[in-house]
Structure formats: structure tokens, C-alpha cells
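A.B. asks: Just dropping this structure here.
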Amino acid sequence: MSSATASNTRFSKGPDINGFYGDFGGRFVAETLMPLILELEEAWEWSRTDEAFRRELEGYQRDYIGRATPLYYAERLTEHLGGAKIYFKREDLNHTGAHKINNCIGQILLARKMGKKRIIAETGAGMHGVATATVAARFGMECVIYMGATDIERQQPNVFRMKLLGAEVIPVESGTGTLKDAMNEALRDWVTNVDSTFYLIGTVAGPHPYPAMVRDFQSVIGRETRAQILEKEGRLPDTLMACIGGGSNAMGLFHPMLDDESVHMIGVEAAGHGIETGEHAASLNGGEPGVLHGNRTFLLQSRDGQITDAHSVSAGLDYPGIGPEHAWLHTQKRVEYVSITDHEAIEAFKLCCELEGIIPALESAHSLAHLRKIAPDLPEDHLIVLNMSGRGDKDMASVANWLEQHGDTEKLPNTTVEAAEPGRIDDMQPPHDVAKKTGETE
């Protein structure tokens with residue numbers, strides 16, 4: 001991004017009154033939903049200026065979520081890679097283990113104001129589903145979570161957590177059984193039950209005002225980062241970096257510093273098996289503009305305009321679209337968007353575990369992988385802040401399966417039951433088997 005480009009535009013200003021960021025965004029929804037969309041927009045606009053709402057939100061952020069999250073100097077990773085000085089913004093330390101709870105608390109407070117009693121949501125990796133089930137339990141609301149059958153298989157621990165919290169988890173068998181299909185089913189539910197139901201969307205996508213509203217609730221990440229790096233280093237970071245699926249954690253980190261011309265920003269998409277294979281989830285680097293889930297943005301699609309399946313080892317990045325504000329920032333060249341393969345993400349996942357004692361979410365491992373590529377070539381006074389968007393407990397089955405399939409079995413538990421010590425058989429099972437047993441017990 002050139003300074004000349006940044007100086008001509010206030011990137012933090014959007015969207016316009018119709019929900020557009022340049023050519024992207026808007027609201028392409030059924031007529032049935034328009035009254036509720038307008039009611040939600042009114043509630044969101046009110047919340048931005050209402051002092052009592054702000055104090056209530058800040059109270060839950062502090063006492064329920066556990067904010068502010070730390071800005072952690074990753075000393076061993078910095079020494080290992082050489083070059084730039086690396087900080088992690090520790091969203092993995094939030095209640096429920098990811099940044100998703102920031103948005104869920106905000107939206108459920110709006111749902112209460114609107115008099116809604118029933119909450120629906122979609123989820124991919126399960127962290128948004130867990131966060132939604134958590135706040136629904138906290139405020140005593142009925143909760144229904146739509147989740148693709150494929151994602152249910154690879155994220156069993158989070159399915160268990162959602163059910164423990166009182167949510168009904170509805171498996172979606174259509175399509176590839178992933179996040180796109182879950183969002184389709186949630187939208188159908190919403191159209192059918194529009195009077196009683198609040199749709200708690202988990203990322204900066206969907207019809208206006210969702211992209212801007214989710215961004216606003218997630219911007220606490222960037223506001224805290226700005227204050228914390230000024231306190232620790234006396235200046236703003238040189239580079240911000242975050243993984244991109246729908247893009248909510250990245251937008252939360254980037255938005256408060258979009259108009260700071262000196263700050264370079266990098267969003268990291270999932271290249272899956274490689275962009276050239278077609279098996280990826282990189283909507284910006286491998287997609288074209290189109291309309292999906294109520295907004296115009298970059299999408300994975302065929303020449304005929306049909307949405308094509310996304311692939312990533314990370315369920316949380318396995319989505320064929322991206323938030324419209326990211327699409328606009330991409331075309332304006334304010335943010336650099338790169339892509340990382342499954343293999344590169346797994347290698348970075350292992351490195352972070354070994355050097356920092358932090359098990360990152362596979363989503364965050366994608367940004368860690370790009371960090372490995374660029375940090376060694378940067379000067380020692382270059383400051384990078386990477387958003388550690390979530391913890392990796394949920395990904396144990398996916399990582400174990402991937403390592404097993406690729407013959408990388410050094411770190412896998414011994415699966416030979418006969419070799420187990422008495423009373424230790426359960427501990428000797430591979431993580432994916434433990435997850436399956438958990439589901440069966442349930």
C-alpha cells in the first residue's frame with residue numbers, strides 16, 4: 001500500500017447509507033426480511049451513541065469475556081525467526097477461547113432490546129456456535145445452531161460444548177456440509193420465523209448492517225492493540241497481520257488503524273491444496289465479484305456464476321466468500337491479501353506450540369505461516385502484531401488426522417491399546433477417537 005493511496009481516502013469511514021463499500025456490500029435479501037433488517041439497523045445505530053448501552057457492553061467485555069486481552073511479546077519466536085519483533089494479540093484468552101464472543105455479546109444485547117426470545121446462528125469451526133450458545137445461556141434465550149455435517153464430524157468437542165450450553169445443533173447435510181451450507185439453512189429459518197427470531201451472524205458478511213455492526217463490535221481488538229503497543233513501544237506497529245475467512249478478527253484488528261498510513265496490513269487467506277488446484281478458500285486471490293448471503297463481494301464461483309466449494313484444513317476458513325469491506329480494501333490496495341496452504345499452516349501450528357507454549361487455532365496458524373516467510377527479512381526494529389484469533393483445542397482432531405495422513409506420526413499418541421499402562425487406555429487414544437467417543441457418550 002502506498003502512502004499516496006492512503007492519503008486520499010478515509011478507509012474507516014464506510015459504509016454509505018445503503019451499506020456499500022464502493023461496489024461491495026449492500027443488502028440483497030427477501031422482501032420478508034426487510035422490516036427486520038431495518039429494525040436491526042435502527043437498533044445498531046442507536047447502540048453506537050447510547051451511553052447506557054456502551055457501559056453495559058464494556059461491563060460484559062471486562063467481567064464476562066475477560067478483556068482487555070494481553071499484547072504478548074513472542075520472544076522465542078522472534079529469536080528463532082530473526083528480523084522483526086513479534087507480538088501476539090491474545091484473543092485466544094477470551095472466555096470461550098476466541099474473538100467470536102466480542103460480537104456475540106454485542107448482538108445479544110441488541111436482540112434483547114428488540115424483544116427477541118429466539119437466537120439462531122451458523123457455525124463452521126464451532127467457535128461462533130459456542131460463543132452464541134454461551135451468551136444465549138447467559139441471557140436465558142432459546143438457541144438453535146446450524147452446522148454442516150462435515151464440520152460436525154471434525155469439530156465434535158465444540159458440538160458437545162454447544163449442547164452442554166443448552167443449544168440445539170442442527171446438522172446440515174446439503175452441499176459439502178460446511179459453513180456456506182449452514183448459513184443457507186440459517187437464512188431459511190430466519191425467513192420462516194422472522195417475527196420471533198434474531199439471526200446472530202458470526203462474521204463481517206451478510207446483508208447490511210451486519211458487516212459494519214460485527215466490525216464495530218470486534219474493533220475493540222484494534223483499539224486495545226493501539227493503546228497497548230503505544231504503551232510498550234511508544235509507537236504504532238509497522239505491520240498488522242490476521243487470518244481471513246469471513247474476516248471478522250482481521251477487520252476488528254485493522255479498522256481502528258486503517259487511516260494510519262504508516263501501518264501496513266496483511267490478511268491471510270486459506271490456499272488449501274494450492275490456488276492452482278482449485279481446492280482452496282481464497283476468495284480474493286482466487287475468486288470473482290458476485291452476490292452471496294445478502295451481500296456483493298468476492299466469491300469462489302464457476303464460469304456460470306455457480307458458487308464452488310471451498311477447501312481448507314481449517315473449518316473456520318472454509319467459506320467461499322469474504323466480508324465486503326475486505327473486498328473493497330483489496331481493490332483499493334489498502335490491505336495486502338496473501339494465501340497460505342494447509343501444509344504451511346500445519347508446520348506453523350507445530351512451531352508455535354514448540355516455541356511459545358501456545359496451541360493456536362488452525363485459522364491463526366495461517367497467519368503464523370506467512371509471518372514465518374516475511375519476519376526474517378525485516379529489520380529488528382520492525383514491529384509486527386499478529387492477531388491470535390483463537391485457541392487450537394478444537395482442532396486436535398483435524399491436526400491429528402492430517403499428521404496421520406501425511407505420515408508425520410512422531411507427535412501422535414501411541415494407538416496400540418496393548419501397550420497402554422493399566423488405567424491409561426483413554427489417554428492413549430488419538431485425539432479424533434477421543435472426540436468421537438465424546439459424541440457417542442453424549
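By convention in this document, the chains of the C-alpha cells carry letters A, B, ... by their order, each chain's residues are numbered from 1, and ligands are numbered from 1 in the order they are shown.
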Using DSSP on the backbone coordinates, identify all residues within segment 100-332 of chain A classified as alpha helix (DSSP H); present the result as a PyMOL selection string.
C.D. replies: chain A and resi 100-113+127-138+149-154+156-164+179-192+210-218+220-233+248-254+283-286+324-331
A.B. asks: Which residues in segment 255-290 of chain A does DSSP call strand (DSSP E)? List them as a PyMOL selection string.
C.D. replies: chain A and resi 264-272+288-290
A.B. asks: Using the selection just defined, write its residues with all heavy atoms as a tab-separated table (two decimals), in the first residue's frame.
C.D. replies:
```tsv
chain	number	residue	atom	x	y	z
A	264	HIS	N	1.18	-1.03	7.81
A	264	HIS	CA	0.91	-2.00	6.73
A	264	HIS	C	0.03	-3.11	7.29
A	264	HIS	O	0.20	-3.52	8.45
A	264	HIS	CB	2.24	-2.58	6.23
A	264	HIS	CG	2.09	-3.54	5.09
A	264	HIS	ND1	1.42	-3.23	3.94
A	264	HIS	CD2	2.53	-4.80	4.93
A	264	HIS	CE1	1.45	-4.24	3.10
A	264	HIS	NE2	2.12	-5.23	3.69
A	265	MET	N	-0.90	-3.60	6.49
A	265	MET	CA	-1.84	-4.62	6.97
A	265	MET	C	-1.86	-5.79	6.00
A	265	MET	O	-1.90	-5.59	4.78
A	265	MET	CB	-3.24	-4.02	7.12
A	265	MET	CG	-3.27	-2.86	8.10
A	265	MET	SD	-4.90	-2.13	8.30
A	265	MET	CE	-4.50	-0.78	9.42
A	266	ILE	N	-1.87	-6.99	6.57
A	266	ILE	CA	-1.85	-8.21	5.76
A	266	ILE	C	-2.95	-9.15	6.23
A	266	ILE	O	-3.00	-9.54	7.40
A	266	ILE	CB	-0.49	-8.93	5.85
A	266	ILE	CG1	0.65	-7.99	5.45
A	266	ILE	CG2	-0.48	-10.18	4.98
A	266	ILE	CD1	2.04	-8.59	5.65
A	267	GLY	N	-3.85	-9.53	5.32
A	267	GLY	CA	-4.84	-10.55	5.59
A	267	GLY	C	-4.42	-11.84	4.92
A	267	GLY	O	-3.98	-11.84	3.77
A	268	VAL	N	-4.56	-12.96	5.64
A	268	VAL	CA	-4.04	-14.24	5.15
A	268	VAL	C	-5.20	-15.20	4.89
A	268	VAL	O	-5.89	-15.62	5.82
A	268	VAL	CB	-3.05	-14.86	6.15
A	268	VAL	CG1	-2.44	-16.13	5.56
A	268	VAL	CG2	-1.96	-13.86	6.51
A	269	GLU	N	-5.40	-15.56	3.62
A	269	GLU	CA	-6.45	-16.49	3.24
A	269	GLU	C	-5.93	-17.92	3.24
A	269	GLU	O	-4.72	-18.17	3.28
A	269	GLU	CB	-6.95	-16.16	1.83
A	269	GLU	CG	-7.60	-14.80	1.68
A	269	GLU	CD	-8.21	-14.63	0.30
A	269	GLU	OE1	-7.49	-14.77	-0.70
A	269	GLU	OE2	-9.41	-14.35	0.23
A	270	ALA	N	-6.88	-18.86	3.14
A	270	ALA	CA	-6.51	-20.29	3.12
A	270	ALA	C	-6.36	-20.75	1.67
A	270	ALA	O	-7.34	-20.75	0.91
A	270	ALA	CB	-7.59	-21.11	3.82
A	271	ALA	N	-5.14	-21.15	1.29
A	271	ALA	CA	-4.89	-21.64	-0.07
A	271	ALA	C	-5.15	-23.14	-0.18
A	271	ALA	O	-5.02	-23.70	-1.27
A	271	ALA	CB	-3.46	-21.31	-0.50
A	272	GLY	N	-5.49	-23.80	0.94
A	272	GLY	CA	-5.82	-25.23	0.89
A	272	GLY	C	-4.71	-26.06	0.27
A	272	GLY	O	-3.57	-26.04	0.73
A	288	GLU	N	-14.02	-14.14	-7.83
A	288	GLU	CA	-14.52	-13.03	-8.63
A	288	GLU	C	-15.71	-12.40	-7.90
A	288	GLU	O	-16.36	-13.06	-7.10
A	288	GLU	CB	-14.98	-13.52	-10.00
A	288	GLU	CG	-13.89	-14.15	-10.85
A	288	GLU	CD	-12.89	-13.12	-11.37
A	288	GLU	OE1	-13.25	-11.92	-11.40
A	288	GLU	OE2	-11.76	-13.52	-11.72
A	289	PRO	N	-16.02	-11.13	-8.19
A	289	PRO	CA	-17.18	-10.49	-7.55
A	289	PRO	C	-18.51	-11.18	-7.90
A	289	PRO	O	-18.71	-11.64	-9.02
A	289	PRO	CB	-17.14	-9.06	-8.11
A	289	PRO	CG	-15.73	-8.83	-8.48
A	289	PRO	CD	-15.24	-10.16	-8.98
A	290	GLY	N	-19.40	-11.23	-6.92
A	290	GLY	CA	-20.72	-11.81	-7.11
A	290	GLY	C	-21.55	-11.59	-5.85
A	290	GLY	O	-21.11	-10.89	-4.92
```
A.B. asks: Please tabulate, as JSON lines, the residues of segment 25-115 of chain A that come within 12 Å of segment 124-147 of chain A, each with its closest pair of atoms and the distance in Å to one decimal, counting only C-alpha atoms and ordering rows by chain, then residue number upward.
C.D. replies:
```
{"residue": "A:Tyr60", "atom": "CA", "partner": "A:Val135", "partner_atom": "CA", "distance": 10.5}
{"residue": "A:Tyr64", "atom": "CA", "partner": "A:Val135", "partner_atom": "CA", "distance": 9.9}
{"residue": "A:Ile65", "atom": "CA", "partner": "A:Ala131", "partner_atom": "CA", "distance": 10.3}
{"residue": "A:Asp92", "atom": "CA", "partner": "A:Met127", "partner_atom": "CA", "distance": 10.8}
{"residue": "A:Asn94", "atom": "CA", "partner": "A:Ala131", "partner_atom": "CA", "distance": 10.3}
{"residue": "A:His95", "atom": "CA", "partner": "A:Ala131", "partner_atom": "CA", "distance": 8.5}
{"residue": "A:Thr96", "atom": "CA", "partner": "A:Ala131", "partner_atom": "CA", "distance": 6.2}
{"residue": "A:Gly97", "atom": "CA", "partner": "A:Met127", "partner_atom": "CA", "distance": 7.6}
{"residue": "A:Ala98", "atom": "CA", "partner": "A:Met127", "partner_atom": "CA", "distance": 6.7}
{"residue": "A:His99", "atom": "CA", "partner": "A:Met127", "partner_atom": "CA", "distance": 8.7}
{"residue": "A:Lys100", "atom": "CA", "partner": "A:His128", "partner_atom": "CA", "distance": 5.4}
{"residue": "A:Ile101", "atom": "CA", "partner": "A:Ala131", "partner_atom": "CA", "distance": 5.1}
{"residue": "A:Asn102", "atom": "CA", "partner": "A:Ala131", "partner_atom": "CA", "distance": 8.8}
{"residue": "A:Asn103", "atom": "CA", "partner": "A:Ala131", "partner_atom": "CA", "distance": 8.9}
{"residue": "A:Cys104", "atom": "CA", "partner": "A:Thr132", "partner_atom": "CA", "distance": 5.8}
{"residue": "A:Ile105", "atom": "CA", "partner": "A:Val135", "partner_atom": "CA", "distance": 6.4}
{"residue": "A:Gly106", "atom": "CA", "partner": "A:Val135", "partner_atom": "CA", "distance": 9.7}
{"residue": "A:Gln107", "atom": "CA", "partner": "A:Thr132", "partner_atom": "CA", "distance": 9.5}
{"residue": "A:Ile108", "atom": "CA", "partner": "A:Val135", "partner_atom": "CA", "distance": 7.0}
{"residue": "A:Leu109", "atom": "CA", "partner": "A:Phe139", "partner_atom": "CA", "distance": 9.0}
{"residue": "A:Leu110", "atom": "CA", "partner": "A:Phe139", "partner_atom": "CA", "distance": 12.0}
{"residue": "A:Ala111", "atom": "CA", "partner": "A:Met141", "partner_atom": "CA", "distance": 10.0}
{"residue": "A:Arg112", "atom": "CA", "partner": "A:Phe139", "partner_atom": "CA", "distance": 8.6}
{"residue": "A:Gly115", "atom": "CA", "partner": "A:Met141", "partner_atom": "CA", "distance": 10.9}
```
A.B. asks: Just the selected residues (C-alpha atoms), exported as a PDB file, in the first residue's frame, please.
C.D. replies:
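Listing of again.pdb after writing:
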```
ATOM      1  CA  TYR A  60     -19.623  -7.622  29.964  1.00  0.00           C
ATOM      2  CA  TYR A  64     -17.613 -11.821  31.457  1.00  0.00           C
ATOM      3  CA  ILE A  65     -15.236 -12.018  28.463  1.00  0.00           C
ATOM      4  CA  ASP A  92      -7.427 -16.924  22.391  1.00  0.00           C
ATOM      5  CA  ASN A  94     -11.140 -14.665  25.830  1.00  0.00           C
ATOM      6  CA  HIS A  95     -13.966 -16.562  27.534  1.00  0.00           C
ATOM      7  CA  THR A  96     -14.935 -19.404  25.103  1.00  0.00           C
ATOM      8  CA  GLY A  97     -11.459 -19.265  23.531  1.00  0.00           C
ATOM      9  CA  ALA A  98     -11.760 -16.946  20.555  1.00  0.00           C
ATOM     10  CA  HIS A  99     -12.613 -13.445  19.372  1.00  0.00           C
ATOM     11  CA  LYS A 100     -16.138 -14.571  18.439  1.00  0.00           C
ATOM     12  CA  ILE A 101     -17.530 -13.741  21.890  1.00  0.00           C
ATOM     13  CA  ASN A 102     -16.869  -9.986  21.348  1.00  0.00           C
ATOM     14  CA  ASN A 103     -19.502  -9.853  18.638  1.00  0.00           C
ATOM     15  CA  CYS A 104     -21.946 -12.257  20.289  1.00  0.00           C
ATOM     16  CA  ILE A 105     -22.198 -10.182  23.460  1.00  0.00           C
ATOM     17  CA  GLY A 106     -22.940  -7.057  21.435  1.00  0.00           C
ATOM     18  CA  GLN A 107     -25.556  -8.674  19.214  1.00  0.00           C
ATOM     19  CA  ILE A 108     -27.426 -10.415  22.013  1.00  0.00           C
ATOM     20  CA  LEU A 109     -27.738  -7.106  23.863  1.00  0.00           C
ATOM     21  CA  LEU A 110     -29.356  -5.713  20.698  1.00  0.00           C
ATOM     22  CA  ALA A 111     -31.600  -8.799  20.420  1.00  0.00           C
ATOM     23  CA  ARG A 112     -32.849  -8.145  23.969  1.00  0.00           C
ATOM     24  CA  GLY A 115     -37.589  -8.069  22.263  1.00  0.00           C
TER      25      GLY A 115
END
```
A.B. asks: Can you list, as a PyMOL selection string, every protein, DNA or RNA residue that comes within 12 Å of Glu410 of chain A when you count only C-alpha atoms, leaving out same-chain residues fewer than 5 positions away?
C.D. replies: chain A and resi 350+400+403-404
A.B. asks: What would the file look like if the residues just selected were written as a compact mmCIF listing (two decimals), in the first residue's frame with all heavy atoms?
C.D. replies:
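Result file result_23.txt:
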```txt
# COMPACT_ATOMS: atom_id res chain seq x y z
N LYS A 350 2.73 -26.26 14.45
CA LYS A 350 3.66 -27.05 15.27
C LYS A 350 4.75 -26.15 15.86
O LYS A 350 5.13 -26.30 17.02
CB LYS A 350 4.28 -28.16 14.41
CG LYS A 350 3.29 -29.25 14.02
CD LYS A 350 3.72 -30.04 12.79
CE LYS A 350 5.08 -30.68 12.93
NZ LYS A 350 5.44 -31.44 11.72
N ALA A 400 -4.47 -34.06 14.12
CA ALA A 400 -4.06 -35.46 14.25
C ALA A 400 -4.34 -36.23 12.96
O ALA A 400 -3.49 -37.01 12.50
CB ALA A 400 -4.79 -36.11 15.42
N LEU A 403 -1.74 -35.13 10.30
CA LEU A 403 -0.42 -35.70 10.55
C LEU A 403 -0.39 -37.18 10.22
O LEU A 403 0.57 -37.70 9.63
CB LEU A 403 -0.03 -35.48 12.02
CG LEU A 403 0.17 -34.02 12.46
CD1 LEU A 403 0.47 -33.95 13.96
CD2 LEU A 403 1.29 -33.34 11.67
N GLU A 404 -1.47 -37.88 10.58
CA GLU A 404 -1.54 -39.32 10.31
C GLU A 404 -1.57 -39.58 8.80
O GLU A 404 -0.86 -40.45 8.29
CB GLU A 404 -2.80 -39.89 10.97
CG GLU A 404 -2.76 -41.39 11.19
CD GLU A 404 -3.87 -41.84 12.13
OE1 GLU A 404 -4.89 -41.13 12.24
OE2 GLU A 404 -3.71 -42.90 12.74
```
A.B. asks: If we count only C-alpha atoms and set the cut-off at 9 Å, which residues sit around segment 195-204 of chain A, ignoring sequence neighbours fewer than 5 positions away in its own chain? Please answer as a PyMOL selection string.
C.D. replies: chain A and resi 36+100+103-104+107-108+111+114-123+128-129+132+183+186-187+189-190+210-215+245-249+251+322-326
A.B. asks: Tell me, as a short mmCIF file (atom, residue, chain, number, x, y, z; two decimals) with all heavy atoms, in the first residue's frame, which residues lie within 9 Å of Pro256 of chain A, counting only C-alpha atoms; anything in the same chain fewer than 3 positions away does not count.
C.D. replies:
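Saved file part_30.cif follows:
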```
data_model
loop_
_atom_site.label_atom_id
_atom_site.label_comp_id
_atom_site.auth_asym_id
_atom_site.auth_seq_id
_atom_site.Cartn_x
_atom_site.Cartn_y
_atom_site.Cartn_z
N SER A 12 -11.68 4.20 7.08
CA SER A 12 -12.50 3.77 8.20
C SER A 12 -13.91 4.34 8.15
O SER A 12 -14.73 4.04 9.00
CB SER A 12 -11.84 4.19 9.52
OG SER A 12 -11.78 5.61 9.61
N SER A 219 -14.03 -4.29 16.80
CA SER A 219 -12.98 -3.27 16.77
C SER A 219 -12.34 -3.02 18.12
O SER A 219 -11.30 -2.34 18.21
CB SER A 219 -13.54 -1.95 16.22
OG SER A 219 -13.85 -2.08 14.86
N VAL A 220 -12.91 -3.56 19.17
CA VAL A 220 -12.26 -3.49 20.48
C VAL A 220 -10.86 -4.10 20.41
O VAL A 220 -9.95 -3.69 21.14
CB VAL A 220 -13.14 -4.19 21.55
CG1 VAL A 220 -13.25 -5.69 21.30
CG2 VAL A 220 -12.61 -3.93 22.96
N ILE A 221 -10.66 -5.08 19.51
CA ILE A 221 -9.34 -5.72 19.37
C ILE A 221 -8.31 -4.68 18.92
O ILE A 221 -7.23 -4.56 19.51
CB ILE A 221 -9.40 -6.86 18.33
CG1 ILE A 221 -10.44 -7.91 18.73
CG2 ILE A 221 -8.02 -7.50 18.17
CD1 ILE A 221 -10.71 -8.94 17.63
N GLY A 222 -8.63 -3.93 17.88
CA GLY A 222 -7.69 -2.95 17.36
C GLY A 222 -7.49 -1.76 18.29
O GLY A 222 -6.39 -1.22 18.38
N ARG A 223 -8.58 -1.35 18.97
CA ARG A 223 -8.44 -0.21 19.89
C ARG A 223 -7.50 -0.57 21.04
O ARG A 223 -6.64 0.22 21.43
CB ARG A 223 -9.81 0.20 20.43
CG ARG A 223 -10.74 0.80 19.37
CD ARG A 223 -11.91 1.53 20.03
NE ARG A 223 -12.71 0.67 20.89
CZ ARG A 223 -13.74 -0.05 20.47
NH1 ARG A 223 -14.07 -0.04 19.19
NH2 ARG A 223 -14.43 -0.81 21.31
N ARG A 226 -3.85 -0.82 19.72
CA ARG A 226 -3.26 0.51 19.51
C ARG A 226 -2.74 1.08 20.82
O ARG A 226 -1.59 1.55 20.89
CB ARG A 226 -4.33 1.43 18.90
CG ARG A 226 -3.82 2.81 18.56
CD ARG A 226 -4.97 3.74 18.16
NE ARG A 226 -4.44 5.01 17.75
CZ ARG A 226 -4.14 5.33 16.51
NH1 ARG A 226 -4.34 4.48 15.54
NH2 ARG A 226 -3.65 6.52 16.22
N MET A 251 -10.81 -7.67 10.54
CA MET A 251 -11.42 -6.34 10.48
C MET A 251 -11.41 -5.68 11.85
O MET A 251 -11.21 -4.47 11.97
CB MET A 251 -12.85 -6.44 9.94
CG MET A 251 -13.44 -5.11 9.52
SD MET A 251 -12.39 -4.16 8.38
CE MET A 251 -12.44 -5.26 6.97
N GLY A 252 -11.60 -6.49 12.90
CA GLY A 252 -11.53 -5.95 14.25
C GLY A 252 -10.17 -5.39 14.58
O GLY A 252 -10.05 -4.34 15.24
N LEU A 253 -9.11 -6.04 14.12
CA LEU A 253 -7.75 -5.56 14.36
C LEU A 253 -7.42 -4.36 13.46
O LEU A 253 -6.83 -3.38 13.91
CB LEU A 253 -6.75 -6.69 14.09
CG LEU A 253 -5.27 -6.34 14.25
CD1 LEU A 253 -4.93 -6.03 15.72
CD2 LEU A 253 -4.37 -7.46 13.73
N ASP A 259 -6.70 4.30 8.91
CA ASP A 259 -6.32 5.62 8.42
C ASP A 259 -4.92 6.04 8.87
O ASP A 259 -4.50 7.17 8.62
CB ASP A 259 -7.35 6.67 8.87
CG ASP A 259 -8.71 6.42 8.23
OD1 ASP A 259 -8.74 5.96 7.08
OD2 ASP A 259 -9.73 6.67 8.90
N ASP A 260 -4.21 5.14 9.54
CA ASP A 260 -2.80 5.39 9.91
C ASP A 260 -1.94 4.89 8.76
O ASP A 260 -1.71 3.68 8.60
CB ASP A 260 -2.46 4.66 11.21
CG ASP A 260 -3.18 5.26 12.40
OD1 ASP A 260 -3.00 6.46 12.67
OD2 ASP A 260 -3.94 4.53 13.05
#
```
A.B. asks: One decimal, in Å: what's the spacing between atom CA of Phe20 of chain A and atom CA of His311 of chain A?
C.D. replies: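 Computing the Euclidean distance for atom CA of Phe20 of chain A and atom CA of His311 of chain A yields 28.0 Å.
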A.B. asks: Pick out the closest residue to Ser398 of chain A from this set: A:Pro157, A:Pro237, A:Pro376, A:Pro207. Count only C-alpha atoms.
C.D. replies: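 When distances to Ser398 of chain A are compared using only C-alpha atoms, the smallest one comes from A:Pro157.
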A.B. asks: Could you list, as number ranges by chain, every residue within 12 Å of Glu279 of chain A, counting only C-alpha atoms and ignoring same-chain residues fewer than 2 positions away?
C.D. replies: A: 270-277, 281-283, 286-287, 300, 308-313, 318-320, 341-342
A.B. asks: Tell me which protein, DNA and RNA residues are within 12 Å of Ile17 of chain A, counting only C-alpha atoms, leaving out same-chain ones fewer than 4 positions away, and put them as a PyMOL selection string.
C.D. replies: chain A and resi 13+21-22+25-27+38+41+45+208-209+212
A.B. asks: Go through A:Arg235, A:Arg303, A:His280, A:Lys333 one by one, measure the shortest atom-to-atom distance of each to Leu383 of chain A using only C-alpha atoms, and give the residue with the smallest value.
C.D. replies: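 Comparing A:Arg235, A:Arg303, A:His280, A:Lys333 against Leu383 of chain A, the winner is A:Arg235.
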A.B. asks: Between A:Trp328, A:Trp44, A:Phe298, A:Trp402, which is the closest to Glu347 of chain A once you count only C-alpha atoms?
C.D. replies: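 Using only C-alpha atoms, Glu347 of chain A sits closest to A:Trp402.
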A.B. asks: Pick out the closest residue to Leu240 of chain A from this set: A:Glu354, A:Asp216, A:Glu153, A:Glu336. Count only C-alpha atoms.
C.D. replies: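 Closest to Leu240 of chain A of all the choices is A:Glu336.
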A.B. asks: Between atom CA of Ala375 of chain A and atom CA of Ser314 of chain A, what is the spacing in Å?
C.D. replies: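 Calculated distance between atom CA of Ser314 of chain A and atom CA of Ala375 of chain A is 23.3 Å.
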A.B. asks: Please determine, counting only C-alpha atoms, which residue among A:Arg334, A:Arg391, A:Lys180, A:Arg161 has the shortest atom-to-atom distance to Ala149 of chain A.
C.D. replies: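 Looking at the shortest contact to Ala149 of chain A, the residue is A:Lys180.
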A.B. asks: Between A:Ser389, A:Thr331, A:Thr69, A:Gln156, which has the minimum distance to Ile244 of chain A (counting only C-alpha atoms)?
C.D. replies: A:Ser389
